[in-house]
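What follows is the content of entry31.cif, which has mmCIF, C-alpha atoms:
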data_structure
loop_
_atom_site.group_PDB
_atom_site.id
_atom_site.type_symbol
_atom_site.label_atom_id
_atom_site.label_comp_id
_atom_site.auth_asym_id
_atom_site.auth_seq_id
_atom_site.Cartn_x
_atom_site.Cartn_y
_atom_site.Cartn_z
ATOM 1 C CA MET D 1 52.065 -0.441 53.361
ATOM 2 C CA THR D 2 49.046 0.752 55.228
ATOM 3 C CA SER D 3 45.818 -1.224 55.103
ATOM 4 C CA GLU D 4 42.560 0.656 54.653
ATOM 5 C CA ARG D 5 39.934 -0.006 57.282
ATOM 6 C CA PRO D 6 36.445 -0.856 56.027
ATOM 7 C CA PRO D 7 33.850 1.810 56.718
ATOM 8 C CA ASP D 8 32.032 1.442 59.946
ATOM 9 C CA LYS D 9 28.404 0.555 59.200
ATOM 10 C CA THR D 10 27.423 0.029 62.785
ATOM 11 C CA THR D 11 25.987 3.506 63.328
ATOM 12 C CA PRO D 12 23.793 3.670 60.162
ATOM 13 C CA ASN D 13 22.477 0.146 60.723
ATOM 14 C CA PHE D 14 21.769 0.913 64.365
ATOM 15 C CA LEU D 15 19.904 4.107 63.423
ATOM 16 C CA ALA D 16 17.878 2.263 60.792
ATOM 17 C CA ARG D 17 16.821 -0.339 63.328
ATOM 18 C CA ILE D 18 15.713 2.344 65.764
ATOM 19 C CA LEU D 19 13.653 4.147 63.103
ATOM 20 C CA THR D 20 12.109 0.872 61.929
ATOM 21 C CA ALA D 21 11.068 0.031 65.487
ATOM 22 C CA LEU D 22 9.641 3.561 65.822
ATOM 23 C CA GLY D 23 7.655 2.991 62.599
ATOM 24 C CA TYR D 24 6.128 -0.182 64.024
ATOM 25 C CA ILE D 25 5.184 1.681 67.184
ATOM 26 C CA LEU D 26 3.572 4.535 65.232
ATOM 27 C CA ALA D 27 1.714 2.146 62.934
ATOM 28 C CA ILE D 28 -1.129 1.832 65.465
ATOM 29 C CA PRO D 29 -1.885 5.513 66.106
ATOM 30 C CA LEU D 30 -1.132 6.456 62.494
ATOM 31 C CA PHE D 31 -3.103 3.584 61.030
ATOM 32 C CA PHE D 32 -4.728 5.756 58.344
ATOM 33 C CA MET D 33 -1.237 6.615 57.060
ATOM 34 C CA ALA D 34 -0.046 3.016 57.144
ATOM 35 C CA VAL D 35 -2.882 1.547 55.071
ATOM 36 C CA LYS D 36 -2.329 1.666 51.301
ATOM 37 C CA ILE D 37 -4.579 0.396 48.505
ATOM 38 C CA VAL D 38 -3.228 -0.236 45.043
ATOM 39 C CA GLN D 39 -5.448 -0.928 42.020
ATOM 40 C CA GLU D 40 -5.142 -3.979 39.796
ATOM 41 C CA TYR D 41 -3.376 -2.000 37.082
ATOM 42 C CA GLU D 42 -0.966 -0.321 39.522
ATOM 43 C CA ARG D 43 2.051 -1.294 41.606
ATOM 44 C CA GLY D 44 3.436 0.418 44.686
ATOM 45 C CA VAL D 45 7.230 0.771 44.803
ATOM 46 C CA ILE D 46 8.297 0.920 48.466
ATOM 47 C CA PHE D 47 11.328 2.841 49.779
ATOM 48 C CA ARG D 48 12.446 2.317 53.378
ATOM 49 C CA LEU D 49 14.666 5.090 54.610
ATOM 50 C CA GLY D 50 15.580 5.880 51.002
ATOM 51 C CA ARG D 51 16.404 2.313 50.035
ATOM 52 C CA LEU D 52 14.399 0.281 47.575
ATOM 53 C CA VAL D 53 12.425 -2.485 49.242
ATOM 54 C CA GLY D 54 10.396 -3.708 46.258
ATOM 55 C CA ALA D 55 7.075 -3.413 44.507
ATOM 56 C CA ARG D 56 3.818 -4.412 46.168
ATOM 57 C CA GLY D 57 0.271 -4.807 45.014
ATOM 58 C CA PRO D 58 -2.351 -4.968 43.875
ATOM 59 C CA GLY D 59 -4.702 -4.816 46.832
ATOM 60 C CA LEU D 60 -4.396 -3.612 50.416
ATOM 61 C CA PHE D 61 -1.158 -3.631 52.415
ATOM 62 C CA LEU D 62 0.555 -1.734 55.238
ATOM 63 C CA ILE D 63 3.645 0.426 55.234
ATOM 64 C CA LEU D 64 5.564 1.871 58.169
ATOM 65 C CA PRO D 65 4.641 5.521 58.651
ATOM 66 C CA ILE D 66 7.501 8.028 58.397
ATOM 67 C CA VAL D 67 9.947 5.201 57.706
ATOM 68 C CA GLU D 68 8.596 3.908 54.384
ATOM 69 C CA ARG D 69 7.415 5.792 51.298
ATOM 70 C CA MET D 70 5.394 4.462 48.371
ATOM 71 C CA VAL D 71 5.434 5.509 44.706
ATOM 72 C CA LYS D 72 2.577 4.313 42.488
ATOM 73 C CA VAL D 73 3.325 3.193 38.958
ATOM 74 C CA ASP D 74 0.657 2.627 36.308
ATOM 75 C CA LEU D 75 1.116 -0.583 34.287
ATOM 76 C CA ARG D 76 -1.491 0.124 31.616
ATOM 77 C CA VAL D 77 -0.586 0.745 27.982
ATOM 78 C CA VAL D 78 0.124 4.421 27.373
ATOM 79 C CA THR D 79 -0.753 6.032 24.039
ATOM 80 C CA MET D 80 1.647 8.848 23.271
ATOM 81 C CA ASP D 81 1.448 11.209 20.305
ATOM 82 C CA VAL D 82 4.793 12.061 18.758
ATOM 83 C CA PRO D 83 4.758 15.741 17.700
ATOM 84 C CA ARG D 84 4.964 16.453 13.986
ATOM 85 C CA GLN D 85 8.545 16.391 12.770
ATOM 86 C CA ASP D 86 10.116 17.964 9.673
ATOM 87 C CA VAL D 87 12.117 15.181 8.066
ATOM 88 C CA ILE D 88 14.377 15.204 5.002
ATOM 89 C CA THR D 89 14.265 11.785 3.358
ATOM 90 C CA LYS D 90 17.159 9.984 1.739
ATOM 91 C CA ASP D 91 16.203 11.349 -1.697
ATOM 92 C CA ASN D 92 16.142 14.964 -0.368
ATOM 93 C CA VAL D 93 12.370 15.402 -0.066
ATOM 94 C CA THR D 94 11.105 17.437 2.882
ATOM 95 C CA VAL D 95 8.074 15.853 4.538
ATOM 96 C CA LYS D 96 6.173 16.398 7.771
ATOM 97 C CA VAL D 97 5.533 13.215 9.736
ATOM 98 C CA ASP D 98 3.745 12.485 12.976
ATOM 99 C CA ALA D 99 3.428 9.142 14.712
ATOM 100 C CA VAL D 100 1.903 7.422 17.728
ATOM 101 C CA VAL D 101 3.725 5.163 20.206
ATOM 102 C CA TYR D 102 2.150 2.497 22.443
ATOM 103 C CA PHE D 103 4.184 1.438 25.477
ATOM 104 C CA ARG D 104 3.754 0.156 29.043
ATOM 105 C CA VAL D 105 5.793 -0.350 32.178
ATOM 106 C CA ILE D 106 6.875 -3.959 32.712
ATOM 107 C CA ASN D 107 9.316 -3.327 35.581
ATOM 108 C CA PRO D 108 8.004 -0.672 37.977
ATOM 109 C CA GLU D 109 11.164 -0.685 40.083
ATOM 110 C CA ASP D 110 13.410 0.270 37.145
ATOM 111 C CA ALA D 111 10.850 2.812 35.910
ATOM 112 C CA VAL D 112 11.104 4.645 39.251
ATOM 113 C CA VAL D 113 14.768 4.166 40.138
ATOM 114 C CA LYS D 114 16.589 4.319 36.769
ATOM 115 C CA ILE D 115 14.738 7.167 35.084
ATOM 116 C CA MET D 116 13.356 10.406 36.419
ATOM 117 C CA ASP D 117 10.408 10.806 34.027
ATOM 118 C CA TYR D 118 9.965 7.757 31.821
ATOM 119 C CA PHE D 119 7.065 9.304 29.899
ATOM 120 C CA ARG D 120 9.044 12.365 28.773
ATOM 121 C CA ALA D 121 12.152 10.285 28.121
ATOM 122 C CA THR D 122 10.232 7.865 25.904
ATOM 123 C CA SER D 123 8.699 10.784 23.994
ATOM 124 C CA LEU D 124 12.107 12.336 23.270
ATOM 125 C CA VAL D 125 13.577 9.001 22.194
ATOM 126 C CA ALA D 126 10.612 8.472 19.846
ATOM 127 C CA GLN D 127 11.079 11.910 18.259
ATOM 128 C CA THR D 128 14.802 11.419 17.725
ATOM 129 C CA THR D 129 14.363 7.920 16.327
ATOM 130 C CA LEU D 130 11.580 9.061 14.004
ATOM 131 C CA ARG D 131 13.793 11.714 12.395
ATOM 132 C CA SER D 132 16.768 9.367 12.190
ATOM 133 C CA VAL D 133 14.975 6.369 10.638
ATOM 134 C CA LEU D 134 12.894 8.359 8.164
ATOM 135 C CA GLY D 135 16.001 10.292 7.131
ATOM 136 C CA GLN D 136 17.512 6.968 6.007
ATOM 137 C CA SER D 137 14.456 5.972 3.950
ATOM 138 C CA ASP D 138 13.305 7.035 0.494
ATOM 139 C CA MET D 139 9.982 8.748 0.000
ATOM 140 C CA ASP D 140 8.631 5.795 -1.997
ATOM 141 C CA GLU D 141 9.606 3.434 0.814
ATOM 142 C CA LEU D 142 7.934 5.684 3.356
ATOM 143 C CA LEU D 143 4.687 5.690 1.369
ATOM 144 C CA SER D 144 4.529 2.101 0.107
ATOM 145 C CA ARG D 145 6.450 0.113 2.737
ATOM 146 C CA ARG D 146 5.229 1.816 5.874
ATOM 147 C CA GLU D 147 4.832 -1.441 7.799
ATOM 148 C CA GLU D 148 8.561 -2.146 7.591
ATOM 149 C CA VAL D 149 9.341 1.405 8.708
ATOM 150 C CA ASN D 150 7.003 0.984 11.712
ATOM 151 C CA GLN D 151 8.699 -2.255 12.752
ATOM 152 C CA ARG D 152 12.122 -0.653 12.479
ATOM 153 C CA LEU D 153 10.995 2.282 14.639
ATOM 154 C CA GLN D 154 9.469 -0.041 17.228
ATOM 155 C CA HIS D 155 12.636 -2.144 17.458
ATOM 156 C CA ILE D 156 14.978 0.843 17.923
ATOM 157 C CA ILE D 157 12.786 2.622 20.501
ATOM 158 C CA ASP D 158 12.233 -0.606 22.431
ATOM 159 C CA GLU D 159 15.982 -1.231 22.683
ATOM 160 C CA ALA D 160 16.529 2.302 24.013
ATOM 161 C CA THR D 161 13.798 2.114 26.677
ATOM 162 C CA GLU D 162 14.309 -1.483 27.809
ATOM 163 C CA PRO D 163 16.820 -0.569 30.591
ATOM 164 C CA TRP D 164 14.144 1.704 32.093
ATOM 165 C CA GLY D 165 11.623 -1.123 32.399
ATOM 166 C CA ILE D 166 9.568 0.173 29.452
ATOM 167 C CA LYS D 167 8.212 -2.102 26.720
ATOM 168 C CA VAL D 168 7.277 -0.452 23.404
ATOM 169 C CA THR D 169 4.540 -2.590 21.879
ATOM 170 C CA LEU D 170 3.698 -0.654 18.718
ATOM 171 C CA VAL D 171 4.779 2.368 16.674
ATOM 172 C CA GLU D 172 2.643 3.713 13.824
ATOM 173 C CA VAL D 173 3.499 6.495 11.378
ATOM 174 C CA ARG D 174 0.126 8.199 11.318
ATOM 175 C CA ASP D 175 0.402 10.888 8.665
ATOM 176 C CA VAL D 176 2.890 11.971 6.007
ATOM 177 C CA SER D 177 2.417 15.482 4.597
ATOM 178 C CA LEU D 178 4.043 16.165 1.228
ATOM 179 C CA PRO D 179 4.723 19.546 -0.428
ATOM 180 C CA ALA D 180 2.209 20.730 -3.032
ATOM 181 C CA ASP D 181 4.672 20.540 -5.938
ATOM 182 C CA MET D 182 5.593 16.985 -4.971
ATOM 183 C CA ILE D 183 1.910 15.997 -4.895
ATOM 184 C CA ASN D 184 1.452 17.429 -8.408
ATOM 185 C CA ALA D 185 4.534 15.597 -9.672
ATOM 186 C CA MET D 186 3.311 12.310 -8.211
ATOM 187 C CA SER D 187 -0.105 12.885 -9.768
ATOM 188 C CA ARG D 188 1.450 13.388 -13.197
ATOM 189 C CA GLN D 189 3.611 10.329 -12.711
ATOM 190 C CA ALA D 190 0.602 8.211 -11.786
ATOM 191 C CA GLN D 191 -1.339 9.513 -14.793
ATOM 192 C CA ALA D 192 1.556 8.713 -17.137
ATOM 193 C CA GLU D 193 1.807 5.250 -15.640
ATOM 194 C CA ARG D 194 -1.905 4.627 -16.221
ATOM 195 C CA GLU D 195 -1.602 5.822 -19.835
ATOM 196 C CA ARG D 196 1.372 3.522 -20.370
ATOM 197 C CA ARG D 197 -0.578 0.566 -19.057
ATOM 198 C CA ALA D 198 -3.556 1.455 -21.247
ATOM 199 C CA LYS D 199 -1.343 1.583 -24.360
ATOM 200 C CA VAL D 200 0.285 -1.730 -23.491
ATOM 201 C CA ILE D 201 -3.094 -3.380 -22.963
ATOM 202 C CA HIS D 202 -4.379 -1.918 -26.244
ATOM 203 C CA ALA D 203 -1.299 -3.169 -28.118
ATOM 204 C CA GLU D 204 -1.699 -6.633 -26.624
ATOM 205 C CA GLY D 205 -5.346 -6.645 -27.728
ATOM 206 C CA GLU D 206 -4.371 -5.623 -31.260
ATOM 207 C CA PHE D 207 -1.740 -8.362 -31.345
ATOM 208 C CA GLU D 208 -4.213 -11.030 -30.250
ATOM 209 C CA ALA D 209 -6.817 -9.735 -32.729
ATOM 210 C CA ALA D 210 -4.265 -9.853 -35.560
ATOM 211 C CA ALA D 211 -3.346 -13.418 -34.628
ATOM 212 C CA ARG D 212 -7.001 -14.451 -34.688
ATOM 213 C CA LEU D 213 -7.545 -12.702 -38.020
ATOM 214 C CA ALA D 214 -4.555 -14.526 -39.476
ATOM 215 C CA GLU D 215 -6.032 -17.845 -38.359
ATOM 216 C CA ALA D 216 -9.415 -16.851 -39.823
ATOM 217 C CA GLY D 217 -7.719 -15.919 -43.122
ATOM 218 C CA GLU D 218 -6.103 -19.345 -43.308
ATOM 219 C CA VAL D 219 -9.490 -20.995 -42.797
ATOM 220 C CA MET D 220 -11.131 -18.776 -45.464
ATOM 221 C CA ALA D 221 -8.305 -19.483 -47.890
ATOM 222 C CA ALA D 222 -8.890 -23.210 -47.498
ATOM 223 C CA GLN D 223 -12.662 -22.805 -48.019
ATOM 224 C CA PRO D 224 -13.516 -19.957 -50.483
ATOM 225 C CA ALA D 225 -17.224 -20.354 -49.782
ATOM 226 C CA THR D 226 -16.580 -19.096 -46.260
ATOM 227 C CA LEU D 227 -15.741 -15.656 -47.612
ATOM 228 C CA GLN D 228 -18.975 -15.537 -49.602
ATOM 229 C CA LEU D 229 -20.967 -16.506 -46.519
ATOM 230 C CA ARG D 230 -19.232 -13.752 -44.631
ATOM 231 C CA TYR D 231 -20.310 -11.242 -47.286
ATOM 232 C CA LEU D 232 -23.890 -12.415 -47.024
ATOM 233 C CA GLN D 233 -23.824 -12.156 -43.258
ATOM 234 C CA THR D 234 -22.530 -8.597 -43.514
ATOM 235 C CA LEU D 235 -25.354 -7.736 -45.920
ATOM 236 C CA THR D 236 -27.864 -9.154 -43.458
ATOM 237 C CA GLU D 237 -26.466 -7.014 -40.654
ATOM 238 C CA ILE D 238 -26.551 -3.878 -42.793
ATOM 239 C CA ALA D 239 -30.101 -4.569 -43.988
ATOM 240 C CA SER D 240 -31.380 -4.518 -40.403
ATOM 241 C CA ASP D 241 -30.868 -0.737 -40.343
ATOM 242 C CA LYS D 242 -33.494 0.803 -42.675
ATOM 243 C CA ASN D 243 -32.639 4.427 -41.980
ATOM 244 C CA SER D 244 -29.584 4.661 -44.199
ATOM 245 C CA THR D 245 -28.568 3.819 -47.717
ATOM 246 C CA VAL D 246 -25.464 1.702 -48.011
ATOM 247 C CA VAL D 247 -23.625 0.999 -51.241
ATOM 248 C CA PHE D 248 -22.041 -2.405 -50.807
ATOM 249 C CA PRO D 249 -19.782 -3.842 -53.549
ATOM 250 C CA ILE D 250 -20.621 -7.366 -54.657
ATOM 251 C CA PRO D 251 -17.593 -9.388 -55.710
ATOM 252 C CA ILE D 252 -17.597 -10.901 -59.214
ATOM 253 C CA ASP D 253 -16.620 -14.249 -57.712
ATOM 254 C CA LEU D 254 -19.974 -14.397 -55.968
ATOM 255 C CA ILE D 255 -21.897 -13.912 -59.217
ATOM 256 C CA THR D 256 -19.609 -16.316 -61.064
ATOM 257 C CA MET D 257 -20.265 -18.953 -58.424
ATOM 258 C CA PHE D 258 -24.028 -18.663 -58.926
ATOM 259 C CA LEU D 259 -23.730 -18.652 -62.754
ATOM 260 C CA THR D 260 -21.448 -21.662 -62.704
ATOM 261 C CA GLY D 261 -23.853 -23.490 -60.439
ATOM 262 C CA SER D 262 -26.862 -22.754 -62.652
ATOM 263 C CA ARG D 263 -25.088 -23.961 -65.812
ATOM 264 C CA ALA D 264 -23.977 -27.104 -64.099
ATOM 265 C CA ASN D 265 -27.572 -27.871 -63.092
ATOM 266 C CA GLY D 266 -28.892 -27.253 -66.714
ATOM 267 C CA GLY D 267 -31.158 -24.499 -65.615
ATOM 268 C CA GLY D 268 -31.674 -21.035 -66.995
ATOM 269 C CA GLU D 269 -32.751 -19.777 -70.443
ATOM 270 C CA ARG D 270 -30.716 -20.416 -73.576
ATOM 271 C CA PRO D 271 -29.245 -17.394 -75.311
ATOM 272 C CA PRO D 272 -31.209 -16.283 -78.457
ATOM 273 C CA ARG D 273 -29.887 -17.352 -81.861
ATOM 274 C CA ARG D 274 -28.516 -14.765 -84.219
ATOM 275 C CA ARG D 275 -30.602 -14.072 -87.354
ATOM 276 C CA GLU D 276 -28.649 -14.161 -90.584
ATOM 277 C CA VAL D 277 -29.186 -11.138 -92.807
ATOM 278 C CA PRO D 278 -28.964 -11.863 -96.629
ATOM 279 C CA ALA D 279 -26.206 -10.073 -98.393
ATOM 280 C CA VAL D 280 -27.196 -7.197 -100.704
ATOM 281 C CA PRO D 281 -25.962 -7.723 -104.381
ATOM 282 C CA ALA D 282 -23.549 -5.174 -105.695
ATOM 283 C CA ALA D 283 -24.825 -2.633 -108.352
ATOM 284 C CA PRO D 284 -23.569 -3.058 -112.026
ATOM 285 C CA ALA D 285 -20.893 -0.674 -113.210
ATOM 286 C CA SER D 286 -22.026 2.173 -115.553
ATOM 287 C CA PRO D 287 -20.614 2.558 -119.125
ATOM 288 C CA ALA D 288 -19.220 5.972 -118.384
ATOM 289 C CA SER D 289 -17.008 4.519 -115.795
ATOM 290 C CA ASP D 290 -15.585 1.964 -118.172
ATOM 291 C CA GLU D 291 -14.480 4.482 -120.827
ATOM 292 C CA PRO D 292 -11.365 5.715 -119.068
ATOM 293 C CA GLU D 293 -10.214 2.165 -118.572
ATOM 294 C CA ARG D 294 -10.644 1.490 -122.198
ATOM 295 C CA ALA D 295 -8.871 4.753 -123.124
ATOM 296 C CA GLY D 296 -6.030 3.716 -121.018
#
Any chance you could put this one into structure tokens?
Amino acid sequence: MTSERPPDKTTPNFLARILTALGYILAIPLFFMAVKIVQEYERGVIFRLGRLVGARGPGLFLILPIVERMVKVDLRVVTMDVPRQDVITKDNVTVKVDAVVYFRVINPEDAVVKIMDYFRATSLVAQTTLRSVLGQSDMDELLSRREEVNQRLQHIIDEATEPWGIKVTLVEVRDVSLPADMINAMSRQAQAERERRAKVIHAEGEFEAAARLAEAGEVMAAQPATLQLRYLQTLTEIASDKNSTVVFPIPIDLITMFLTGSRANGGGERPPRRREVPAVPAAPASPASDEPERAG
């Protein structure tokens, strides 16, 4: 059994030390190349002979010319527009949706080493996730429960970009374009819904009015004078309008109530007495009329 010998790292390490020493020597004459300034919102990722050293900044620092290389990474929040996508929802409705994604770099080393172009990669992930998530949602959910859809999109995109050092802070579905026939159908549906509500409200009002009228009828049945007062009040309301002639029936009970009250109080005129006419005496029978009786 042959044993494998470990690779000899003496030569690469020795060469790296020589180049590092050369970088320190050239730092004085090439001072303008060694000085680097990084803004507060930036970080400088340093590579020494192709190997990652780490991130530096913000502020002023020195690097070894020729030996070290710096890559700047912006840590500010990036606003990215997701191009408009044609999406077929779960209930087979074709809609056009565009969104906006807010993200930032939280680990500049991973953003440089683990991904070639984190901006383009995040954009493609957002487009794919947008079509996938909206394809699993109904149109009503997309229109009425958009906040839940946004949170779901943000969670999925954030999980995909986390290994790259990217943090997705917010995803917003900005616009949903519906076909013209679908807009007309929704308009008719909304109009029918409003008519249904109006009929229900009207029926409830009629029911409450009928209940109140039934209670009023019970009160009027217990007190008959209440009905007469109601008639008089109606006459008063009609009399206020002098531009029209109204024929209003007066119930006999109302007149009977007044007549009964006047007789009970002894008022009013007495009815006139009848004059007796003397009977006219009958005329005496003629003799001619008696002859047939006698003949018989």
Practice task
Give as a PyMOL selection string each residue that has an atom at most 7 Å from (-1.7, 1.3, 42.3) in the file, counting all atoms listed in the file.
Solution key: chain D and resi 37-44+57-58+72-74
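Neighbours of Phe119 in chain D closer than or equal to 9 Å, with only C-alpha atoms counted and sequence neighbours fewer than 4 positions away skipped, come out as Val78, Met80, Ser123 and Leu124 of chain D.
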Handout entry: Selection: 9 Å around Ala99 in chain D, only C-alpha atoms, excl. self and same-chain fewer than 2 positions, as a PyMOL selection string
Key = chain D and resi 80-84+97+101+126-127+130+171-175
Practice task
I need the residue set behind the PyMOL selection byres ((chain D and resi 146) around 12) for this file; please write it as a PyMOL selection string.
Solution key: chain D and resi 99+133-134+137-145+147-153+171-176
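Picture a line from CA of Ile201 in chain D to CA of Gln189 in chain D; it runs 18.4 Å.
Nearest residue to Arg131 in chain D among D:Val95, D:Ile46, D:Ile115, D:Leu75 is D:Val95, counting all atoms listed in the file.
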